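Data file: work.cif. Format and content: mmCIF, C-alpha atoms.
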data_query
#
loop_
_atom_site.group_PDB
_atom_site.id
_atom_site.type_symbol
_atom_site.label_atom_id
_atom_site.label_comp_id
_atom_site.auth_asym_id
_atom_site.auth_seq_id
_atom_site.Cartn_x
_atom_site.Cartn_y
_atom_site.Cartn_z
ATOM 1 C CA MET J 11 0.000 0.000 0.000
ATOM 2 C CA SER J 12 1.337 3.420 -0.923
ATOM 3 C CA LEU J 13 1.762 6.171 1.643
ATOM 4 C CA ILE J 14 1.028 8.875 -0.943
ATOM 5 C CA ASN J 15 -1.770 11.212 0.206
ATOM 6 C CA THR J 16 -1.881 9.612 3.667
ATOM 7 C CA LYS J 17 -1.255 11.458 6.922
ATOM 8 C CA VAL J 18 1.899 11.056 8.988
ATOM 9 C CA GLN J 19 1.111 8.779 11.934
ATOM 10 C CA PRO J 20 1.635 9.939 15.545
ATOM 11 C CA PHE J 21 5.176 9.488 16.883
ATOM 12 C CA LYS J 22 7.556 10.960 19.429
ATOM 13 C CA THR J 23 11.340 10.837 19.364
ATOM 14 C CA GLN J 24 14.446 12.944 19.994
ATOM 15 C CA ALA J 25 16.708 14.847 17.619
ATOM 16 C CA PHE J 26 19.971 16.717 17.732
ATOM 17 C CA HIS J 27 19.368 20.180 16.271
ATOM 18 C CA ASN J 28 21.679 23.193 16.336
ATOM 19 C CA GLY J 29 23.529 22.165 19.486
ATOM 20 C CA LYS J 30 20.479 20.982 21.447
ATOM 21 C CA PHE J 31 18.366 17.907 21.958
ATOM 22 C CA GLU J 32 14.776 18.502 20.896
ATOM 23 C CA GLU J 33 11.638 16.404 20.918
ATOM 24 C CA VAL J 34 10.196 15.747 17.453
ATOM 25 C CA THR J 35 6.623 14.555 16.906
ATOM 26 C CA GLU J 36 4.145 14.321 14.054
ATOM 27 C CA LYS J 37 3.225 17.927 14.916
ATOM 28 C CA ASN J 38 6.600 19.047 13.527
ATOM 29 C CA LEU J 39 5.481 17.553 10.198
ATOM 30 C CA SER J 40 1.903 18.825 10.321
ATOM 31 C CA ASN J 41 2.028 22.296 11.815
ATOM 32 C CA GLY J 42 -0.246 23.867 9.193
ATOM 33 C CA LYS J 43 2.448 26.359 8.200
ATOM 34 C CA SER J 44 5.536 24.754 6.696
ATOM 35 C CA TRP J 45 6.424 21.837 4.450
ATOM 36 C CA SER J 46 8.735 19.032 5.546
ATOM 37 C CA VAL J 47 11.269 16.785 3.864
ATOM 38 C CA VAL J 48 12.084 13.588 5.750
ATOM 39 C CA ILE J 49 15.212 11.776 4.603
ATOM 40 C CA PHE J 50 15.883 8.299 5.979
ATOM 41 C CA MET J 51 19.431 6.934 6.040
ATOM 42 C CA PRO J 52 20.699 3.556 7.274
ATOM 43 C CA ALA J 53 22.942 4.658 10.148
ATOM 44 C CA ALA J 54 25.303 7.251 11.561
ATOM 45 C CA PHE J 55 29.058 6.849 11.148
ATOM 46 C CA THR J 56 28.793 5.199 7.748
ATOM 47 C CA PHE J 57 30.665 6.140 4.591
ATOM 48 C CA ASN J 58 27.803 7.108 2.238
ATOM 49 C CA CYS J 59 25.371 8.872 4.585
ATOM 50 C CA PRO J 60 27.653 11.852 5.317
ATOM 51 C CA THR J 61 27.790 12.626 1.583
ATOM 52 C CA GLU J 62 24.003 12.930 1.552
ATOM 53 C CA ILE J 63 23.906 15.070 4.686
ATOM 54 C CA GLU J 64 26.507 17.386 3.175
ATOM 55 C CA ASP J 65 24.423 17.572 -0.027
ATOM 56 C CA ALA J 66 21.301 18.413 2.017
ATOM 57 C CA ALA J 67 23.279 21.051 3.935
ATOM 58 C CA GLU J 68 24.399 22.648 0.676
ATOM 59 C CA HIS J 69 20.745 22.919 -0.413
ATOM 60 C CA TYR J 70 19.335 23.881 3.001
ATOM 61 C CA GLY J 71 19.003 27.545 2.008
ATOM 62 C CA GLU J 72 16.729 26.501 -0.880
ATOM 63 C CA PHE J 73 14.589 24.455 1.501
ATOM 64 C CA GLN J 74 14.302 27.391 3.875
ATOM 65 C CA LYS J 75 13.315 29.766 1.043
ATOM 66 C CA ALA J 76 10.627 27.225 0.153
ATOM 67 C CA ASN J 77 9.273 27.294 3.744
ATOM 68 C CA THR J 78 10.459 23.735 4.362
ATOM 69 C CA GLU J 79 12.210 22.026 7.258
ATOM 70 C CA VAL J 80 14.492 19.023 6.757
ATOM 71 C CA PHE J 81 14.583 15.987 9.043
ATOM 72 C CA ILE J 82 17.329 13.382 8.598
ATOM 73 C CA VAL J 83 16.397 10.101 10.301
ATOM 74 C CA THR J 84 18.580 7.104 11.176
ATOM 75 C CA THR J 85 17.955 4.213 13.549
ATOM 76 C CA ASP J 86 20.634 5.568 15.900
ATOM 77 C CA THR J 87 20.020 7.689 19.000
ATOM 78 C CA HIS J 88 20.098 11.474 19.190
ATOM 79 C CA PHE J 89 23.230 11.045 21.316
ATOM 80 C CA SER J 90 24.962 9.347 18.376
ATOM 81 C CA HIS J 91 23.855 12.191 16.126
ATOM 82 C CA LYS J 92 25.437 14.751 18.448
ATOM 83 C CA VAL J 93 28.791 12.972 18.312
ATOM 84 C CA TRP J 94 28.441 12.374 14.550
ATOM 85 C CA HIS J 95 27.779 16.098 14.058
ATOM 86 C CA GLU J 96 30.847 16.965 16.135
ATOM 87 C CA THR J 97 33.253 14.492 14.513
ATOM 88 C CA SER J 98 32.342 14.561 10.813
ATOM 89 C CA ASP J 99 33.116 17.660 8.770
ATOM 90 C CA ALA J 100 30.320 16.758 6.318
ATOM 91 C CA VAL J 101 27.685 16.087 9.005
ATOM 92 C CA GLY J 102 28.861 19.139 10.947
ATOM 93 C CA LYS J 103 27.400 21.316 8.186
ATOM 94 C CA ALA J 104 23.858 20.209 9.099
ATOM 95 C CA LYS J 105 21.648 22.934 10.535
ATOM 96 C CA PHE J 106 18.543 20.757 10.254
ATOM 97 C CA PHE J 107 17.178 18.055 12.554
ATOM 98 C CA LEU J 108 19.187 14.827 12.965
ATOM 99 C CA VAL J 109 16.448 12.534 14.249
ATOM 100 C CA GLY J 110 17.081 9.344 16.201
ATOM 101 C CA ASP J 111 14.792 6.368 15.690
ATOM 102 C CA PRO J 112 16.258 3.626 17.910
ATOM 103 C CA THR J 113 12.807 2.059 18.461
ATOM 104 C CA HIS J 114 12.188 1.897 14.687
ATOM 105 C CA GLN J 115 8.830 3.639 15.100
ATOM 106 C CA LEU J 116 9.478 5.994 12.186
ATOM 107 C CA THR J 117 11.214 3.539 9.872
ATOM 108 C CA ASN J 118 8.280 1.150 10.275
ATOM 109 C CA ALA J 119 5.625 3.867 9.873
ATOM 110 C CA PHE J 120 7.245 5.088 6.651
ATOM 111 C CA GLY J 121 7.854 1.568 5.307
ATOM 112 C CA VAL J 122 11.650 1.818 5.124
ATOM 113 C CA HIS J 123 12.676 -0.527 7.944
ATOM 114 C CA ILE J 124 15.006 -3.465 7.250
ATOM 115 C CA PRO J 125 14.078 -5.875 10.091
ATOM 116 C CA GLU J 126 17.004 -8.256 9.718
ATOM 117 C CA GLU J 127 19.494 -5.366 9.910
ATOM 118 C CA GLY J 128 17.706 -2.909 12.228
ATOM 119 C CA LEU J 129 18.491 -0.173 9.702
ATOM 120 C CA ALA J 130 16.565 2.042 7.298
ATOM 121 C CA LEU J 131 16.464 2.020 3.525
ATOM 122 C CA ARG J 132 17.180 5.331 1.823
ATOM 123 C CA GLY J 133 13.749 6.920 1.747
ATOM 124 C CA THR J 134 12.794 10.500 0.931
ATOM 125 C CA PHE J 135 9.369 11.967 1.698
ATOM 126 C CA VAL J 136 7.906 15.406 0.924
ATOM 127 C CA ILE J 137 5.113 16.286 3.350
ATOM 128 C CA ASP J 138 2.688 19.202 3.039
ATOM 129 C CA PRO J 139 1.779 21.488 5.975
ATOM 130 C CA SER J 140 -1.251 19.352 6.875
ATOM 131 C CA GLY J 141 0.996 16.306 7.366
ATOM 132 C CA THR J 142 0.032 14.616 4.096
ATOM 133 C CA ILE J 143 2.771 12.717 2.257
ATOM 134 C CA LYS J 144 2.983 14.088 -1.303
ATOM 135 C CA THR J 145 6.090 12.342 -2.676
ATOM 136 C CA MET J 146 8.100 9.318 -1.672
ATOM 137 C CA GLU J 147 11.164 7.625 -3.037
ATOM 138 C CA VAL J 148 12.711 4.519 -1.496
ATOM 139 C CA HIS J 149 15.724 2.689 -2.825
ATOM 140 C CA SER J 150 18.584 0.381 -1.955
ATOM 141 C CA ASN J 151 21.240 1.660 0.442
ATOM 142 C CA GLU J 152 24.202 1.455 -1.909
ATOM 143 C CA ILE J 153 22.710 4.282 -4.022
ATOM 144 C CA ALA J 154 22.989 7.779 -2.557
ATOM 145 C CA ARG J 155 20.524 10.496 -3.561
ATOM 146 C CA ASP J 156 20.838 13.867 -5.245
ATOM 147 C CA VAL J 157 19.075 16.414 -3.038
ATOM 148 C CA LYS J 158 18.678 18.724 -6.034
ATOM 149 C CA GLU J 159 15.974 16.329 -7.284
ATOM 150 C CA THR J 160 14.276 16.442 -3.872
ATOM 151 C CA VAL J 161 14.167 20.240 -4.092
ATOM 152 C CA ARG J 162 12.631 19.977 -7.578
ATOM 153 C CA LYS J 163 9.949 17.549 -6.375
ATOM 154 C CA LEU J 164 9.217 19.752 -3.349
ATOM 155 C CA LYS J 165 8.707 22.799 -5.559
ATOM 156 C CA ALA J 166 6.474 20.805 -7.929
ATOM 157 C CA ALA J 167 4.359 19.619 -4.979
ATOM 158 C CA GLN J 168 4.110 23.179 -3.680
ATOM 159 C CA TYR J 169 3.160 24.479 -7.128
ATOM 160 C CA THR J 170 0.406 21.924 -7.674
ATOM 161 C CA ALA J 171 -0.933 22.534 -4.145
ATOM 162 C CA ALA J 172 -1.207 26.243 -4.948
ATOM 163 C CA HIS J 173 -2.586 25.645 -8.469
ATOM 164 C CA PRO J 174 -5.238 22.902 -8.368
ATOM 165 C CA GLY J 175 -6.046 21.548 -11.804
ATOM 166 C CA GLU J 176 -2.482 21.915 -13.092
ATOM 167 C CA VAL J 177 0.203 19.243 -13.319
ATOM 168 C CA CYS J 178 3.973 19.493 -13.603
ATOM 169 C CA PRO J 179 5.348 17.573 -16.601
ATOM 170 C CA ALA J 180 8.581 15.573 -16.665
ATOM 171 C CA LYS J 181 11.691 17.531 -15.726
ATOM 172 C CA TRP J 182 9.539 20.500 -14.655
ATOM 173 C CA GLU J 183 11.547 23.250 -12.992
ATOM 174 C CA GLU J 184 10.209 26.212 -11.046
ATOM 175 C CA GLY J 185 8.907 28.846 -13.468
ATOM 176 C CA ALA J 186 8.469 26.399 -16.345
ATOM 177 C CA LYS J 187 5.196 25.759 -18.124
ATOM 178 C CA THR J 188 2.700 23.365 -16.545
ATOM 179 C CA LEU J 189 -0.200 21.465 -18.071
ATOM 180 C CA LYS J 190 -3.946 21.660 -17.499
ATOM 181 C CA PRO J 191 -5.249 18.146 -18.102
ATOM 182 C CA SER J 192 -8.105 17.985 -20.585
ATOM 183 C CA ILE J 193 -9.505 15.660 -23.182
ATOM 184 C CA GLU J 194 -7.959 17.873 -25.864
ATOM 185 C CA LEU J 195 -4.451 16.968 -24.650
ATOM 186 C CA VAL J 196 -4.987 13.209 -24.753
ATOM 187 C CA GLY J 197 -2.716 11.709 -27.398
ATOM 188 C CA LYS J 198 -1.275 15.097 -28.445
ATOM 189 C CA ILE J 199 1.764 15.296 -26.184
#
Rewrite the structure of this file - the entire thing - as structure tokens.
Amino acid sequence: MSLINTKVQPFKTQAFHNGKFEEVTEKNLSNGKSWSVVIFMPAAFTFNCPTEIEDAAEHYGEFQKANTEVFIVTTDTHFSHKVWHETSDAVGKAKFFLVGDPTHQLTNAFGVHIPEEGLALRGTFVIDPSGTIKTMEVHSNEIARDVKETVRKLKAAQYTAAHPGEVCPAKWEEGAKTLKPSIELVGKI
């Protein structure tokens, strides 16, 4: 069953965020004001995950301009994330939430848990201000993501939310032409 257009389920956990430990709940992802991007990674202190965190950090300004908060989730504790942030130059660039999920509540709720390993698959979710999941991508852990594509999908989801009745075609970028589905377009594109 797909999670698209479903609400984020209730949860409560801890995160390391800008030098502090903070509680994170479903209310962070459904505050009625801002969008959220939740990025699941297998574990802290690995070789591939820091490259993705650094990529997200390099695009964090774009997320903020788009009224969006980023949450990186691993199955480690928030304590591990604090030390990871302090000891890795790449992870140290993160100004967003580094969320611990040692009980696997989030990885199970989002369908990215690997039971036999106790780790998460690489999953990316764009969530609207009401807490509804609008995009999801889940893939094998040996393949790191390009956060630039996440930003593109976020902006497409925001555009279509603000412009009901329009759709964003393949490779749509902010400011590009959209489509208004109609019978006249069927078979002509």
What do you get, as JSON, numbers by chain, if you spell out every residue that the PyMOL selection byres ((chain J and resi 84) around 9) selects here? {"J": [49, 50, 51, 52, 53, 54, 82, 83, 85, 86, 87, 91, 108, 109, 110, 111, 112, 114, 117, 129, 130]}
I'd like the residues picked by the PyMOL selection byres ((chain J and resi 68-74) around 12) written out as a PyMOL selection string, using the chain letters and numbers from the file. chain J and resi 44-48+61-67+75-81+100-107+136+156-165+168
Would you mind exporting C-alpha atoms of the selected residues as an mmCIF file, in the frame of the given file?
data_model
loop_
_atom_site.group_PDB
_atom_site.id
_atom_site.type_symbol
_atom_site.label_atom_id
_atom_site.label_comp_id
_atom_site.auth_asym_id
_atom_site.auth_seq_id
_atom_site.Cartn_x
_atom_site.Cartn_y
_atom_site.Cartn_z
ATOM 1 C CA SER J 44 5.536 24.754 6.696
ATOM 2 C CA TRP J 45 6.424 21.837 4.450
ATOM 3 C CA SER J 46 8.735 19.032 5.546
ATOM 4 C CA VAL J 47 11.269 16.785 3.864
ATOM 5 C CA VAL J 48 12.084 13.588 5.750
ATOM 6 C CA THR J 61 27.790 12.626 1.583
ATOM 7 C CA GLU J 62 24.003 12.930 1.552
ATOM 8 C CA ILE J 63 23.906 15.070 4.686
ATOM 9 C CA GLU J 64 26.507 17.386 3.175
ATOM 10 C CA ASP J 65 24.423 17.572 -0.027
ATOM 11 C CA ALA J 66 21.301 18.413 2.017
ATOM 12 C CA ALA J 67 23.279 21.051 3.935
ATOM 13 C CA LYS J 75 13.315 29.766 1.043
ATOM 14 C CA ALA J 76 10.627 27.225 0.153
ATOM 15 C CA ASN J 77 9.273 27.294 3.744
ATOM 16 C CA THR J 78 10.459 23.735 4.362
ATOM 17 C CA GLU J 79 12.210 22.026 7.258
ATOM 18 C CA VAL J 80 14.492 19.023 6.757
ATOM 19 C CA PHE J 81 14.583 15.987 9.043
ATOM 20 C CA ALA J 100 30.320 16.758 6.318
ATOM 21 C CA VAL J 101 27.685 16.087 9.005
ATOM 22 C CA GLY J 102 28.861 19.139 10.947
ATOM 23 C CA LYS J 103 27.400 21.316 8.186
ATOM 24 C CA ALA J 104 23.858 20.209 9.099
ATOM 25 C CA LYS J 105 21.648 22.934 10.535
ATOM 26 C CA PHE J 106 18.543 20.757 10.254
ATOM 27 C CA PHE J 107 17.178 18.055 12.554
ATOM 28 C CA VAL J 136 7.906 15.406 0.924
ATOM 29 C CA ASP J 156 20.838 13.867 -5.245
ATOM 30 C CA VAL J 157 19.075 16.414 -3.038
ATOM 31 C CA LYS J 158 18.678 18.724 -6.034
ATOM 32 C CA GLU J 159 15.974 16.329 -7.284
ATOM 33 C CA THR J 160 14.276 16.442 -3.872
ATOM 34 C CA VAL J 161 14.167 20.240 -4.092
ATOM 35 C CA ARG J 162 12.631 19.977 -7.578
ATOM 36 C CA LYS J 163 9.949 17.549 -6.375
ATOM 37 C CA LEU J 164 9.217 19.752 -3.349
ATOM 38 C CA LYS J 165 8.707 22.799 -5.559
ATOM 39 C CA GLN J 168 4.110 23.179 -3.680
#
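Here the PyMOL selection byres ((chain J and resi 152) around 10) captures the residues J:Asn58, J:Cys59, J:Leu131, J:Arg132, J:His149, J:Ser150, J:Asn151, J:Ile153, J:Ala154, J:Arg155.
The closest residue to Leu116 of chain J, picked from J:Thr16, J:Ser98, J:Ser140, J:Thr35 and counting only C-alpha atoms, is J:Thr35.
Interatomic distance, atom CA of Cys178 of chain J to atom CA of Thr142 of chain J: 18.8 Å.
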Which one is closest to Gly141 of chain J: J:Glu126, J:Glu183, J:Glu176, J:Glu36? Count all atoms listed in the file. J:Glu36
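Between atom CA of Pro60 of chain J and atom CA of Asn28 of chain J there is a distance of 16.9 Å.
Between atom CA of His88 of chain J and atom CA of Phe26 of chain J lies a distance of 5.4 Å.
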Which one of J:Leu13, J:Val34, J:Ala167, J:Thr23 sits closest to Thr113 of chain J if you count all atoms listed in the file? J:Thr23
Fewer than 6 positions away in the same chain doesn't count, so skip those; otherwise give me all residues within 12 Å of segment 190-197 of chain J, counting all atoms listed in the file, as a PyMOL selection string. chain J and resi 170+173-179
Print the selection's residues with C-alpha atoms to a file, as a compact mmCIF listing (two decimals), keeping the file's coordinate frame.
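So the final result, stored in again-v6.txt, reads:
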# COMPACT_ATOMS: atom_id res chain seq x y z
CA THR J 170 0.41 21.92 -7.67
CA HIS J 173 -2.59 25.64 -8.47
CA PRO J 174 -5.24 22.90 -8.37
CA GLY J 175 -6.05 21.55 -11.80
CA GLU J 176 -2.48 21.92 -13.09
CA VAL J 177 0.20 19.24 -13.32
CA CYS J 178 3.97 19.49 -13.60
CA PRO J 179 5.35 17.57 -16.60
Centre, x/y/z edge lengths, axis-aligned box for segment 18-32 of chain J with 5 Å per side, as AutoDock Vina command-line options:
--center_x 12.3 --center_y 16.0 --center_z 15.5 --size_x 32.4 --size_y 24.4 --size_z 23.0
